[in-house]
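Asker: Structure in structure tokens, see below.
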Amino acid sequence: MKISVKEILDTFRLNVKNYRDKKNWTQRDLSIQIDCSTGAIGSLEAGSSKPSFDLIVKIANAFRVHPALLFISKDDLAKIAQEGEASKDKIFLARLEKELHEHLKSQNKTVPPHNRQHRGKKGFL
């Protein structure tokens with residue numbers, strides 16, 4: 001996956017505006033929060049200037065979010081959430097399988113090999 005600097009900066013500027021709008025802040029309100037000029041915020045949101053690392057951290061702190069969230073689009077967040085759900089499912093299934101193995105061991109029953117069907121054989125469920 002290749003991402004351009006322009007795409008990252010576009011995502012950043014849109015996220016700054018969206019977070020600012022969620023808080024019902026004007027550009028001036030944000031500039032006061034992070035101790036910079038209103039023009040600097042306007043330039044960032046317009047895409048005519050690039051933020052310094054210090055400014056990124058100040059903006060993230062003002063919005064009370066991790067700085068990385070300023071660079072992630074809504075689409076990317078949705079993908080991450082989907083991948084997270086798939087990971088949760090895998091973790092849940094692994095835990096369930098482990099608990100089943102432990103339960104069968106406690107019952108002195110043979111634990112069936114993973115991903116095989118052994119119905120009807122002695123010692124298996």
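As shown in the structure tokens, the chain order sets the letters A, B, ...; within each chain, residues go from 1, and ligands are also counted from 1 in the order they appear.
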Pick out the residues sitting within 6 Å of region 59-73 of chain A, and hand them over as a list of chain:residue names; count only C-alpha atoms, and ignore anything fewer than 5 positions along from it in its own chain.

Answerer: A:Thr11, A:Phe12, A:Asn15

Asker: List the neighbours of region 27-37 of chain A out to 8 Å using only C-alpha atoms; skip same-chain residues closer than 3 positions along the sequence, and give me the result as a list of chain:residue names.

Answerer: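 Counting only C-alpha atoms, the residues come to A:Arg20, A:Ala40, A:Ile41, A:Gly42, A:Leu55, A:Lys58, A:Ile59, A:Ala62.
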
Asker: Next, the residues of the selection above should be written as a PDB file, in the first residue's frame with C-alpha atoms.

Answerer:
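Listing of part-v2.pdb after writing:
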ATOM      1  CA  ARG A  20     -12.507  21.247  15.749  1.00  0.00           C
ATOM      2  CA  ALA A  40      -1.517  29.100  11.162  1.00  0.00           C
ATOM      3  CA  ILE A  41      -4.651  27.020  11.765  1.00  0.00           C
ATOM      4  CA  GLY A  42      -6.268  28.434   8.634  1.00  0.00           C
ATOM      5  CA  LEU A  55       2.283  21.505  16.371  1.00  0.00           C
ATOM      6  CA  LYS A  58      -0.170  20.292  20.554  1.00  0.00           C
ATOM      7  CA  ILE A  59      -3.224  19.849  18.324  1.00  0.00           C
ATOM      8  CA  ALA A  62      -5.975  19.989  22.560  1.00  0.00           C
TER       9      ALA A  62
END

Asker: With only C-alpha atoms as the atoms that count, which of A:Leu96, A:Arg13, A:His101, A:Ala86 lies nearest to Ser48 (chain A)?

Answerer: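 Closest candidate: A:Arg13.
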